[in-house]
file entry-v2.cif (mmCIF, C-alpha atoms)
data_target
loop_
_atom_site.label_atom_id
_atom_site.label_comp_id
_atom_site.auth_asym_id
_atom_site.auth_seq_id
_atom_site.Cartn_x
_atom_site.Cartn_y
_atom_site.Cartn_z
CA MET R 1160 74.31 90.52 104.16
CA ALA R 1161 74.70 91.34 100.48
CA GLU R 1162 72.06 92.57 98.05
CA LEU R 1163 72.44 93.52 94.40
CA ASP R 1164 69.76 96.01 93.39
CA GLY R 1165 67.73 94.92 96.41
CA VAL R 1166 67.91 91.17 95.79
CA ALA R 1167 70.18 88.62 97.48
CA VAL R 1168 73.31 88.40 95.35
CA ASP R 1169 74.72 85.15 93.99
CA VAL R 1170 78.30 84.17 93.29
CA ALA R 1171 78.00 84.48 89.51
CA GLN R 1172 76.99 88.12 89.81
CA LEU R 1173 80.09 88.87 91.86
CA GLU R 1174 82.56 87.28 89.43
CA THR R 1175 83.20 90.50 87.50
CA LEU R 1176 83.75 92.47 90.69
CA ALA R 1177 86.26 89.89 91.89
CA LEU R 1178 88.03 89.21 88.58
CA VAL R 1179 87.89 92.58 86.77
CA ASN R 1180 87.86 94.71 89.95
CA TYR R 1181 86.46 97.84 88.29
CA GLY R 1182 84.02 99.95 90.25
CA HIS R 1183 83.70 102.40 93.12
CA PHE R 1184 82.15 102.48 96.58
CA THR R 1185 81.45 104.39 99.74
CA SER R 1186 81.13 103.16 103.32
CA MET R 1187 79.06 104.67 106.11
CA GLU R 1188 77.95 103.79 109.63
CA VAL R 1189 74.18 103.38 109.90
CA THR R 1190 72.32 103.37 113.21
CA ASP R 1191 68.52 103.19 113.46
CA GLY R 1192 68.14 104.13 109.80
CA ARG R 1193 70.38 107.18 109.97
CA ALA R 1194 73.88 107.89 108.65
CA ARG R 1195 76.17 110.81 109.38
CA GLY R 1196 77.11 112.57 106.13
CA LEU R 1197 74.63 110.60 104.02
CA SER R 1198 74.18 113.37 101.45
CA LEU R 1199 77.95 113.59 100.97
CA HIS R 1200 78.19 109.82 100.50
CA LEU R 1201 75.48 109.95 97.85
CA GLU R 1202 77.15 112.92 96.18
CA ARG R 1203 80.38 110.90 96.01
CA LEU R 1204 78.64 107.91 94.44
CA VAL R 1205 76.95 110.02 91.77
CA ARG R 1206 80.18 111.84 90.92
CA ASP R 1207 82.33 108.72 90.78
CA CYS R 1208 79.76 106.81 88.71
CA ARG R 1209 79.84 109.54 86.09
CA GLN R 1210 83.65 109.51 86.07
CA LEU R 1211 84.16 105.72 85.94
CA PHE R 1212 81.15 104.62 83.89
CA ASP R 1213 79.97 107.69 81.96
CA ALA R 1214 76.59 106.95 83.49
CA ASP R 1215 74.14 108.64 85.82
CA LEU R 1216 73.31 107.17 89.22
CA ASP R 1217 70.01 107.98 90.94
CA PRO R 1218 70.79 108.90 94.56
CA ASP R 1219 67.19 108.36 95.66
CA ARG R 1220 67.37 104.80 94.35
CA VAL R 1221 70.58 104.23 96.31
CA ARG R 1222 68.87 105.49 99.48
CA HIS R 1223 65.98 103.09 98.86
CA LEU R 1224 68.36 100.15 98.41
CA VAL R 1225 70.25 100.98 101.61
CA ARG R 1226 66.97 101.33 103.52
CA HIS R 1227 65.91 97.92 102.20
CA ALA R 1228 69.21 96.34 103.21
CA VAL R 1229 69.05 97.58 106.82
CA ALA R 1230 65.28 97.24 107.34
CA GLY R 1231 64.67 95.90 110.84
CA VAL R 1232 68.32 96.32 111.88
CA THR R 1233 68.70 98.44 115.01
CA ALA R 1234 72.30 97.70 115.95
CA PRO R 1235 74.93 99.95 114.33
CA VAL R 1236 76.33 98.51 111.10
CA VAL R 1237 78.83 99.63 108.49
CA VAL R 1238 77.11 99.78 105.12
CA ARG R 1239 79.19 99.63 101.97
CA VAL R 1240 77.60 100.65 98.68
CA THR R 1241 79.58 99.35 95.69
CA VAL R 1242 78.74 100.39 92.14
CA PHE R 1243 79.89 98.08 89.32
CA ASP R 1244 78.65 96.45 86.11
CA PRO R 1245 78.60 92.61 86.24
CA ASP R 1246 78.56 92.51 82.42
CA LEU R 1247 81.63 94.71 81.91
CA GLY R 1248 84.36 92.22 81.06
CA LEU R 1249 88.12 92.45 81.06
CA GLY R 1250 88.34 92.21 77.27
CA ARG R 1251 85.99 95.12 76.50
CA PRO R 1252 85.83 97.47 79.49
CA GLY R 1253 85.09 100.27 77.03
CA ALA R 1254 81.60 98.95 76.30
CA ASP R 1255 78.60 100.99 77.43
CA ALA R 1256 78.06 100.32 81.12
CA VAL R 1257 74.90 99.67 83.09
CA PRO R 1258 76.11 100.12 86.68
CA ARG R 1259 74.36 98.18 89.42
CA VAL R 1260 74.32 98.75 93.16
CA LEU R 1261 75.67 96.20 95.64
CA VAL R 1262 74.86 96.90 99.30
CA THR R 1263 76.70 94.94 101.96
CA THR R 1264 76.70 95.28 105.75
CA ARG R 1265 79.04 94.28 108.52
CA PRO R 1266 79.05 94.84 112.28
CA VAL R 1267 80.68 97.98 113.61
CA ALA R 1268 84.12 97.21 114.99
CA PRO R 1269 84.76 97.64 118.71
CA PRO R 1270 85.90 101.13 119.76
CA PRO R 1271 89.50 101.71 118.64
CA GLY R 1272 92.25 101.32 121.17
CA PRO R 1273 95.29 103.56 121.56
CA GLY R 1274 96.42 105.88 118.82
CA LEU R 1275 97.42 104.53 115.45
CA ARG R 1276 101.06 103.72 114.70
CA LEU R 1277 101.73 104.36 111.01
CA ARG R 1278 104.62 103.45 108.74
CA SER R 1279 105.37 105.76 105.83
CA ALA R 1280 105.58 104.36 102.30
CA TRP R 1281 106.10 105.93 98.91
CA TYR R 1282 102.80 105.39 97.11
CA ARG R 1283 100.05 107.18 95.19
CA ARG R 1284 96.70 105.53 94.57
CA ASP R 1285 95.40 105.42 91.00
CA LEU R 1286 92.92 108.27 90.52
CA PRO R 1287 93.20 109.30 94.18
CA GLU R 1288 90.13 111.55 94.09
CA VAL R 1289 87.88 108.51 93.45
CA LYS R 1290 87.00 105.92 96.09
CA HIS R 1291 87.45 103.00 93.72
CA VAL R 1292 87.70 99.28 94.38
CA GLY R 1293 91.32 99.00 93.18
CA LEU R 1294 92.82 98.53 96.65
CA PHE R 1295 95.67 96.09 95.97
CA GLY R 1296 98.54 98.55 96.32
CA ALA R 1297 97.15 100.18 99.45
CA VAL R 1298 96.28 96.88 101.14
CA ARG R 1299 99.72 95.47 100.27
CA LEU R 1300 101.33 98.38 102.10
CA ARG R 1301 98.95 98.02 105.05
CA ARG R 1302 99.89 94.35 105.29
CA ALA R 1303 103.60 95.16 105.13
CA ALA R 1304 103.17 97.81 107.83
CA GLN R 1305 101.30 95.42 110.11
CA ARG R 1306 103.88 92.69 109.55
CA ALA R 1307 106.49 95.20 110.69
CA GLY R 1308 104.59 95.95 113.91
CA PHE R 1309 102.60 99.04 112.84
CA ASP R 1310 98.83 99.47 112.52
CA ASP R 1311 98.68 100.89 109.03
CA ALA R 1312 100.56 102.67 106.26
CA VAL R 1313 100.65 106.36 105.39
CA PHE R 1314 101.56 107.47 101.89
CA THR R 1315 104.20 109.94 100.75
CA ASP R 1316 105.61 111.03 97.42
CA ALA R 1317 109.29 110.77 96.48
CA GLY R 1318 110.02 113.99 98.37
CA GLY R 1319 108.42 112.76 101.58
CA VAL R 1320 105.23 114.86 101.26
CA LEU R 1321 102.40 113.10 103.13
CA SER R 1322 99.00 112.56 101.51
CA GLU R 1323 96.72 110.00 103.22
CA ALA R 1324 96.59 106.70 105.06
CA THR R 1325 95.35 103.46 103.49
CA THR R 1326 91.65 104.14 104.07
CA SER R 1327 91.73 107.38 106.06
CA ASN R 1328 92.46 111.05 105.67
CA LEU R 1329 95.26 112.49 107.72
CA GLY R 1330 95.22 115.74 109.69
CA PHE R 1331 97.90 117.65 111.60
CA VAL R 1332 97.67 119.97 114.59
CA THR R 1333 100.06 122.87 115.15
CA GLY R 1334 99.11 124.98 118.15
CA ASP R 1335 95.34 125.29 117.82
CA ARG R 1336 95.36 125.03 114.02
CA VAL R 1337 94.33 122.01 111.96
CA LEU R 1338 96.23 121.39 108.73
CA TRP R 1339 95.15 119.01 105.99
CA PRO R 1340 97.64 117.71 103.40
CA SER R 1341 97.63 119.66 100.16
CA ALA R 1342 98.84 116.54 98.31
CA GLU R 1343 96.39 114.64 96.11
CA CYS R 1344 94.17 112.38 98.20
CA LEU R 1345 90.59 111.19 98.54
CA PRO R 1346 88.39 113.96 100.01
CA GLY R 1347 86.81 111.88 102.76
CA VAL R 1348 83.30 112.45 104.06
CA THR R 1349 84.43 112.64 107.70
CA MET R 1350 87.04 115.24 106.80
CA ARG R 1351 84.44 117.27 104.92
CA LEU R 1352 81.98 117.08 107.82
CA LEU R 1353 84.64 118.30 110.24
CA ASN R 1354 85.45 121.22 107.99
CA GLN R 1355 81.75 122.12 107.83
CA ALA R 1356 81.43 121.92 111.61
CA ARG R 1357 84.46 124.07 112.41
CA ALA R 1358 84.13 127.84 112.46
CA GLU R 1359 87.21 128.44 110.31
CA GLU R 1360 88.26 127.94 106.72
CA PRO R 1361 90.13 124.66 106.07
CA VAL R 1362 93.89 125.12 105.82
CA THR R 1363 96.01 122.87 103.61
CA ALA R 1364 99.78 122.57 103.55
CA ALA R 1365 102.51 120.39 102.13
CA VAL R 1366 103.54 118.47 105.26
CA THR R 1367 106.65 116.34 104.88
CA LEU R 1368 108.23 113.61 106.95
CA ALA R 1369 110.88 116.15 107.94
CA ASP R 1370 108.15 118.42 109.36
CA LEU R 1371 106.71 115.78 111.70
CA PRO R 1372 108.92 116.55 114.75
CA HIS R 1373 107.48 120.09 114.70
CA VAL R 1374 103.81 118.97 114.66
CA ASP R 1375 101.89 118.90 117.97
CA ALA R 1376 99.42 116.12 117.16
CA VAL R 1377 98.22 113.97 114.25
CA PHE R 1378 94.88 112.28 113.62
CA ALA R 1379 93.14 110.10 111.05
CA THR R 1380 89.52 110.31 109.93
CA ASN R 1381 87.11 107.93 108.24
CA ALA R 1382 83.43 107.06 108.46
CA ALA R 1383 83.95 103.85 110.43
CA THR R 1384 86.07 105.29 113.27
CA GLY R 1385 85.42 109.03 113.14
CA VAL R 1386 88.40 110.95 114.52
CA ARG R 1387 91.23 108.71 115.71
CA PRO R 1388 94.51 109.96 117.22
CA VAL R 1389 97.79 108.96 115.59
CA ALA R 1390 100.42 108.04 118.16
CA ALA R 1391 103.36 107.74 115.76
CA ILE R 1392 104.53 107.90 112.19
CA ASP R 1393 107.73 105.91 111.79
CA ASP R 1394 109.82 106.93 114.83
CA VAL R 1395 108.11 110.28 115.57
CA HIS R 1396 105.62 110.14 118.45
CA TRP R 1397 102.80 112.40 119.70
CA PRO R 1398 100.39 112.49 122.64
CA THR R 1399 96.96 111.11 121.83
CA ASP R 1400 95.03 113.34 124.26
CA HIS R 1401 95.75 116.75 122.70
CA PRO R 1402 92.86 119.17 123.42
CA VAL R 1403 92.36 119.89 119.71
CA LEU R 1404 91.87 116.18 119.05
CA ARG R 1405 89.26 116.01 121.83
CA ALA R 1406 87.51 119.06 120.35
CA LEU R 1407 87.50 117.49 116.87
CA ALA R 1408 85.97 114.28 118.23
CA ARG R 1409 83.23 116.29 119.98
CA GLN R 1410 82.53 118.32 116.85
CA TYR R 1411 82.21 115.19 114.73
CA ALA R 1412 79.96 113.46 117.28
CA ALA R 1413 77.69 116.54 117.26
CA VAL R 1414 77.05 116.30 113.51
CA PRO R 1415 73.45 115.09 113.23
CA PRO R 1416 72.96 111.88 111.21
CA GLU R 1417 70.61 112.03 108.23
CA PRO R 1418 67.65 109.69 107.75
CA LEU R 1419 68.05 107.19 104.93
#
call {"tool": "encode", "arguments": {"input": "entry-v2.cif", "output": "structure tokens"}}
result
Amino acid sequence: MAELDGVAVDVAQLETLALVNYGHFTSMEVTDGRARGLSLHLERLVRDCRQLFDADLDPDRVRHLVRHAVAGVTAPVVVRVTVFDPDLGLGRPGADAVPRVLVTTRPVAPPPGPGLRLRSAWYRRDLPEVKHVGLFGAVRLRRAAQRAGFDDAVFTDAGGVLSEATTSNLGFVTGDRVLWPSAECLPGVTMRLLNQARAEEPVTAAVTLADLPHVDAVFATNAATGVRPVAAIDDVHWPTDHPVLRALARQYAAVPPEPL
């Protein structure tokens, strides 16, 4: 299902998104008209719209459009809200923008299997603090990782400092402490919800590839899969049943979803 401003979208309206590839989005799991972290997703959309388009986005209108798109749907779905301007061409992207809202849905994937196996790669997303549609570099590295027998890629800088996975935040466990990378990355909604749910201040650190043998557990977070254990990065392996990982999964599951 795909609707642009509440109306079924046609191919011509998607040409700019496909050919110019300028815009931003957020994805959330919706069940029975509720989404965990909805207010944070809307906050992200408003912030990124101002940054990419110099334009305001009405969060109440976005909620209405998502409600319209999932009306009558009771099964869990992943809703993606993409903000772009179909009239903003490649030749004059500096023109005043009138962003529009594309809402698409897809079925929720089956529960994830064993822990993720990640391959490190030297990469930094353009404007990493924005969840933009420019995914070529990240998807290229995910493809290369999967072709090499891994599940996904994880990004580092030239010094081996880890930042994030292709479409997930990365967290590390040492003892009973959770560490988040201090490197530039997208501040994910799931990560932010976990930090709100935990009774301690978030701790960030510069974690390098050389530090990985001294870490007790690793996990990835995103809105589609919640908290997922990481079984390996390159040739360093961890157990996927660490008690802190189980506690994080329980804390995330206990976050009440918000009505659309």
call {"tool": "resolve_selection", "arguments": {"input": "entry-v2.cif", "expression": "the PyMOL selection byres ((chain R and resi 1181) around 12)", "output": "JSON, numbers by chain"}}
result
{"R": [1173, 1174, 1175, 1176, 1177, 1178, 1179, 1180, 1182, 1183, 1184, 1207, 1208, 1211, 1212, 1241, 1242, 1243, 1244, 1245, 1246, 1247, 1248, 1249, 1252, 1253, 1256, 1258, 1289, 1290, 1291, 1292, 1293, 1294]}
call {"tool": "atom_distance", "arguments": {"input": "entry-v2.cif", "atom1": "atom CA of Ala1369 of chain R", "atom2": "atom CA of Ala1391 of chain R"}}
result
13.7 Å
call {"tool": "residues_near_point", "arguments": {"input": "entry-v2.cif", "point": "(104.8, 118.3, 118.5)", "cutoff": "9 Å", "atoms": "only C-alpha atoms", "output": "JSON, numbers by chain"}}
result
{"R": [1332, 1333, 1334, 1371, 1372, 1373, 1374, 1375, 1376, 1377, 1396, 1397, 1398]}
call {"tool": "resolve_selection", "arguments": {"input": "entry-v2.cif", "expression": "the PyMOL selection byres ((chain R and resi 1385) around 9)", "output": "PyMOL selection string"}}
result
chain R and resi 1349+1379-1384+1386-1387+1408+1411-1412
call {"tool": "closest_residue", "arguments": {"input": "entry-v2.cif", "among": "R:Ser1186, R:Thr1367, R:Thr1399, R:Gln1410", "to": "Leu1199 of chain R", "atoms": "all atoms listed in the file"}}
result
R:Ser1186
call {"tool": "atom_distance", "arguments": {"input": "entry-v2.cif", "atom1": "atom CA of Leu1345 of chain R", "atom2": "atom CA of Ser1322 of chain R"}}
result
9.0 Å
call {"tool": "resolve_selection", "arguments": {"input": "entry-v2.cif", "expression": "the PyMOL selection byres ((chain R and resi 1195) around 7)", "output": "list in words"}}
result
Arg1193, Ala1194, Gly1196, Leu1197, Val1414, Pro1415, Pro1416 and Glu1417 of chain R
call {"tool": "residues_around", "arguments": {"input": "entry-v2.cif", "residues": "Cys1344 of chain R", "least_positions_apart": "5", "cutoff": "10 Å", "atoms": "only C-alpha atoms", "output": "MDAnalysis selection string"}}
result
chainID R and resid 1283:1284 1286:1290 1314 1321:1324 1327:1329
call {"tool": "write_last_selection", "arguments": {"input": "entry-v2.cif", "atoms": "C-alpha atoms", "output": "compact mmCIF listing (two decimals), in the frame of the given file"}}
result
# COMPACT_ATOMS: atom_id res chain seq x y z
CA ARG R 1283 100.05 107.18 95.19
CA ARG R 1284 96.70 105.53 94.57
CA LEU R 1286 92.92 108.27 90.52
CA PRO R 1287 93.20 109.30 94.18
CA GLU R 1288 90.13 111.55 94.09
CA VAL R 1289 87.88 108.51 93.45
CA LYS R 1290 87.00 105.92 96.09
CA PHE R 1314 101.56 107.47 101.89
CA LEU R 1321 102.40 113.10 103.13
CA SER R 1322 99.00 112.56 101.51
CA GLU R 1323 96.72 110.00 103.22
CA ALA R 1324 96.59 106.70 105.06
CA SER R 1327 91.73 107.38 106.06
CA ASN R 1328 92.46 111.05 105.67
CA LEU R 1329 95.26 112.49 107.72
call {"tool": "atom_distance", "arguments": {"input": "entry-v2.cif", "atom1": "atom CA of Leu1404 of chain R", "atom2": "atom CA of Ala1364 of chain R"}}
result
18.5 Å
call {"tool": "closest_residue", "arguments": {"input": "entry-v2.cif", "among": "R:His1227, R:Arg1220, R:Arg1278, R:Arg1351", "to": "Asp1394 of chain R", "atoms": "all atoms listed in the file"}}
result
R:Arg1278
call {"tool": "residues_around", "arguments": {"input": "entry-v2.cif", "residues": "Phe1309 of chain R", "least_positions_apart": "6", "cutoff": "12 Å", "atoms": "only C-alpha atoms", "output": "list of chain:residue names"}}
result
R:Gly1274, R:Leu1275, R:Arg1276, R:Leu1277, R:Arg1278, R:Ser1279, R:Leu1300, R:Arg1301, R:Arg1302, R:Ala1303, R:Val1389, R:Ala1390, R:Ala1391, R:Ile1392, R:Asp1393, R:Asp1394
call {"tool": "write_last_selection", "arguments": {"input": "entry-v2.cif", "atoms": "C-alpha atoms", "output": "short mmCIF file (atom, residue, chain, number, x, y, z; two decimals), keeping the file's coordinate frame"}}
result
data_model
loop_
_atom_site.label_atom_id
_atom_site.label_comp_id
_atom_site.auth_asym_id
_atom_site.auth_seq_id
_atom_site.Cartn_x
_atom_site.Cartn_y
_atom_site.Cartn_z
CA GLY R 1274 96.42 105.88 118.82
CA LEU R 1275 97.42 104.53 115.45
CA ARG R 1276 101.06 103.72 114.70
CA LEU R 1277 101.73 104.36 111.01
CA ARG R 1278 104.62 103.45 108.74
CA SER R 1279 105.37 105.76 105.83
CA LEU R 1300 101.33 98.38 102.10
CA ARG R 1301 98.95 98.02 105.05
CA ARG R 1302 99.89 94.35 105.29
CA ALA R 1303 103.60 95.16 105.13
CA VAL R 1389 97.79 108.96 115.59
CA ALA R 1390 100.42 108.04 118.16
CA ALA R 1391 103.36 107.74 115.76
CA ILE R 1392 104.53 107.90 112.19
CA ASP R 1393 107.73 105.91 111.79
CA ASP R 1394 109.82 106.93 114.83
#
call {"tool": "closest_residue", "arguments": {"input": "entry-v2.cif", "among": "R:Gln1210, R:Ser1341, R:Thr1264, R:Ser1198", "to": "Val1362 of chain R", "atoms": "only C-alpha atoms"}}
result
R:Ser1341
call {"tool": "closest_residue", "arguments": {"input": "entry-v2.cif", "among": "R:Gly1296, R:Leu1407, R:Asp1310, R:Pro1266", "to": "Met1350 of chain R", "atoms": "all atoms listed in the file"}}
result
R:Leu1407
call {"tool": "closest_residue", "arguments": {"input": "entry-v2.cif", "among": "R:Val1240, R:Thr1325, R:Asp1285, R:Ala1297", "to": "Leu1261 of chain R", "atoms": "only C-alpha atoms"}}
result
R:Val1240
call {"tool": "build_atoms", "arguments": {"input": "entry-v2.cif", "residues": "segment 1223-1238 of chain R", "atoms": "N, CA, C and O atoms", "output": "mmCIF file, in the frame of the given file"}}
result
data_model
loop_
_atom_site.group_PDB
_atom_site.id
_atom_site.type_symbol
_atom_site.label_atom_id
_atom_site.label_comp_id
_atom_site.auth_asym_id
_atom_site.auth_seq_id
_atom_site.Cartn_x
_atom_site.Cartn_y
_atom_site.Cartn_z
ATOM 1 N N HIS R 1223 66.986 104.141 98.732
ATOM 2 C CA HIS R 1223 65.980 103.090 98.860
ATOM 3 C C HIS R 1223 66.641 101.731 99.062
ATOM 4 O O HIS R 1223 66.208 100.935 99.924
ATOM 5 N N LEU R 1224 67.691 101.450 98.303
ATOM 6 C CA LEU R 1224 68.360 100.150 98.410
ATOM 7 C C LEU R 1224 69.050 99.992 99.758
ATOM 8 O O LEU R 1224 69.047 98.894 100.333
ATOM 9 N N VAL R 1225 69.631 101.065 100.285
ATOM 10 C CA VAL R 1225 70.250 100.980 101.610
ATOM 11 C C VAL R 1225 69.176 100.792 102.674
ATOM 12 O O VAL R 1225 69.342 99.980 103.601
ATOM 13 N N ARG R 1226 68.066 101.519 102.565
ATOM 14 C CA ARG R 1226 66.970 101.330 103.520
ATOM 15 C C ARG R 1226 66.491 99.875 103.507
ATOM 16 O O ARG R 1226 66.240 99.279 104.563
ATOM 17 N N HIS R 1227 66.360 99.314 102.307
ATOM 18 C CA HIS R 1227 65.910 97.920 102.200
ATOM 19 C C HIS R 1227 66.894 96.972 102.859
ATOM 20 O O HIS R 1227 66.497 96.020 103.559
ATOM 21 N N ALA R 1228 68.180 97.244 102.685
ATOM 22 C CA ALA R 1228 69.210 96.340 103.210
ATOM 23 C C ALA R 1228 69.257 96.350 104.740
ATOM 24 O O ALA R 1228 69.598 95.337 105.355
ATOM 25 N N VAL R 1229 68.931 97.473 105.351
ATOM 26 C CA VAL R 1229 69.050 97.580 106.820
ATOM 27 C C VAL R 1229 67.679 97.558 107.493
ATOM 28 O O VAL R 1229 67.596 97.804 108.705
ATOM 29 N N ALA R 1230 66.625 97.268 106.753
ATOM 30 C CA ALA R 1230 65.280 97.240 107.340
ATOM 31 C C ALA R 1230 65.246 96.264 108.520
ATOM 32 O O ALA R 1230 65.671 95.113 108.414
ATOM 33 N N GLY R 1231 64.773 96.744 109.650
ATOM 34 C CA GLY R 1231 64.670 95.900 110.840
ATOM 35 C C GLY R 1231 65.944 95.795 111.645
ATOM 36 O O GLY R 1231 65.950 95.173 112.716
ATOM 37 N N VAL R 1232 67.040 96.379 111.166
ATOM 38 C CA VAL R 1232 68.320 96.320 111.880
ATOM 39 C C VAL R 1232 68.436 97.539 112.781
ATOM 40 O O VAL R 1232 68.374 98.680 112.315
ATOM 41 N N THR R 1233 68.587 97.324 114.073
ATOM 42 C CA THR R 1233 68.700 98.440 115.010
ATOM 43 C C THR R 1233 70.124 98.635 115.511
ATOM 44 O O THR R 1233 70.490 99.741 115.901
ATOM 45 N N ALA R 1234 70.910 97.577 115.512
ATOM 46 C CA ALA R 1234 72.300 97.700 115.950
ATOM 47 C C ALA R 1234 73.100 98.465 114.896
ATOM 48 O O ALA R 1234 72.817 98.374 113.697
ATOM 49 N N PRO R 1235 74.100 99.237 115.311
ATOM 50 C CA PRO R 1235 74.930 99.950 114.330
ATOM 51 C C PRO R 1235 75.632 98.971 113.389
ATOM 52 O O PRO R 1235 76.131 97.922 113.809
ATOM 53 N N VAL R 1236 75.637 99.306 112.104
ATOM 54 C CA VAL R 1236 76.330 98.510 111.100
ATOM 55 C C VAL R 1236 77.086 99.437 110.163
ATOM 56 O O VAL R 1236 76.740 100.609 110.019
ATOM 57 N N VAL R 1237 78.133 98.911 109.558
ATOM 58 C CA VAL R 1237 78.830 99.630 108.490
ATOM 59 C C VAL R 1237 78.243 99.149 107.174
ATOM 60 O O VAL R 1237 78.257 97.956 106.880
ATOM 61 N N VAL R 1238 77.694 100.077 106.417
ATOM 62 C CA VAL R 1238 77.110 99.780 105.120
ATOM 63 C C VAL R 1238 78.076 100.208 104.029
ATOM 64 O O VAL R 1238 78.555 101.345 104.034
#
